[in-house]
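Participant: Structure below; questions to follow.
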Amino acid sequence: MFGLLGIFFGVLGFFTFGLIFIPLGLLCTVISFASKNGFLLGIVSFIMNVVAIAVSPSIWLLIAGLIGGNIETAPTRIKMTVEQPLHPIKSIDKKFYAVNFQAP
């Protein structure tokens with residue numbers, strides 16, 4: 001019973017919001033492994049949920065956020081210079097300036 005629910009939640013994790021359905025599928029998989037008559041469905045459910053983790057963009061973003069949050073980047077110094085107007089438009093009072101950004 002729980003193996004079928006795990007497969008169902010794994011399929012929902014493919015096509016809908018994986019952050020909700022994949023943990024439910026994994027929970028049903030664990031319960032299915034604990035029961036004696038649902039072991040084979042538990043294996044299929046586990047495979048479905050692992051594949052759902054691999055193809056779910058919301059899980060990708062969660063994993064990237066957890067990994068990327070710990071990476072520190074070195075500060076870069078950017079030099080900005082503003083030059084004289086390139087060619088002003090006579091009908092409009094605004095002028096265009098050339099802005100150059102130079103990274104070391």
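So you can find residues: chains in the structure tokens are A, B, ... in the order shown, residues in each start at 1, and ligands are numbered from 1 in order.
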Using only C-alpha atoms, which protein or nucleic acid residues come within 12 Å of Ile22 (chain A)? Drop anything in the same chain fewer than 2 positions from it, and give the result as a ChimeraX atom specification.

Facilitator: /A:5-20,24-29,45-56,58-59

Participant: Please, could you write that set of residues out with C-alpha atoms as a compact mmCIF listing (two decimals), in the first residue's frame?

Facilitator:
```txt
# COMPACT_ATOMS: atom_id res chain seq x y z
CA LEU A 5 1.64 5.74 -2.54
CA GLY A 6 5.41 6.29 -2.82
CA ILE A 7 5.25 5.60 -6.56
CA PHE A 8 2.28 7.96 -6.89
CA PHE A 9 4.09 10.72 -5.00
CA GLY A 10 7.23 10.10 -7.08
CA VAL A 11 5.26 10.59 -10.29
CA LEU A 12 3.67 13.74 -8.86
CA GLY A 13 7.19 14.91 -7.98
CA PHE A 14 8.08 14.61 -11.69
CA PHE A 15 5.27 16.77 -12.97
CA THR A 16 4.38 19.12 -10.11
CA PHE A 17 6.03 20.83 -7.15
CA GLY A 18 8.71 18.34 -6.09
CA LEU A 19 9.48 19.96 -2.72
CA ILE A 20 6.15 18.69 -1.41
CA LEU A 24 6.14 12.34 1.01
CA GLY A 25 7.18 9.68 -1.48
CA LEU A 26 10.37 8.98 0.43
CA LEU A 27 8.42 8.72 3.69
CA CYS A 28 6.06 6.20 2.09
CA THR A 29 9.10 4.33 0.75
CA SER A 45 9.05 3.60 -5.09
CA PHE A 46 12.63 4.40 -4.07
CA ILE A 47 13.78 4.33 -7.71
CA MET A 48 10.88 6.60 -8.76
CA ASN A 49 11.69 9.10 -6.02
CA VAL A 50 15.43 9.13 -6.82
CA VAL A 51 14.62 9.84 -10.47
CA ALA A 52 12.16 12.54 -9.36
CA ILE A 53 14.95 14.15 -7.31
CA ALA A 54 17.21 14.04 -10.36
CA VAL A 55 14.72 15.77 -12.68
CA SER A 56 12.95 18.18 -10.33
CA SER A 58 12.78 22.86 -7.44
CA ILE A 59 15.04 20.27 -5.80
```

Participant: To one decimal in Å, tell me the separation between CA of Leu4 (chain A) and CA of Ile63 (chain A).

Facilitator: 26.8 Å

Participant: From the list A:Gly3, A:Ala64, A:Pro57, A:Phe21, which residue is nearest Ser35 (chain A) when using only C-alpha atoms?

Facilitator: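 The answer is A:Gly3, which sits nearest to Ser35 (chain A).
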
Participant: Counting only C-alpha atoms, what is within 6 Å of Ser32 (chain A), bar same-chain residues fewer than 6 positions away, as a list of chain:residue names?

Facilitator: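 So the residues in contact are A:Phe2, A:Gly3, A:Gly38, A:Gly42.
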
Participant: Just the selected residues (C-alpha atoms), exported as a PDB file, in the first residue's frame, please.

Facilitator:
```pdb
ATOM      1  CA  PHE A   2       2.651   2.511   1.009  1.00  0.00           C
ATOM      2  CA  GLY A   3       4.829   1.439  -1.918  1.00  0.00           C
ATOM      3  CA  GLY A  38       5.574  -4.152   0.457  1.00  0.00           C
ATOM      4  CA  GLY A  42       9.276  -0.031  -1.852  1.00  0.00           C
TER       5      GLY A  42
END
```
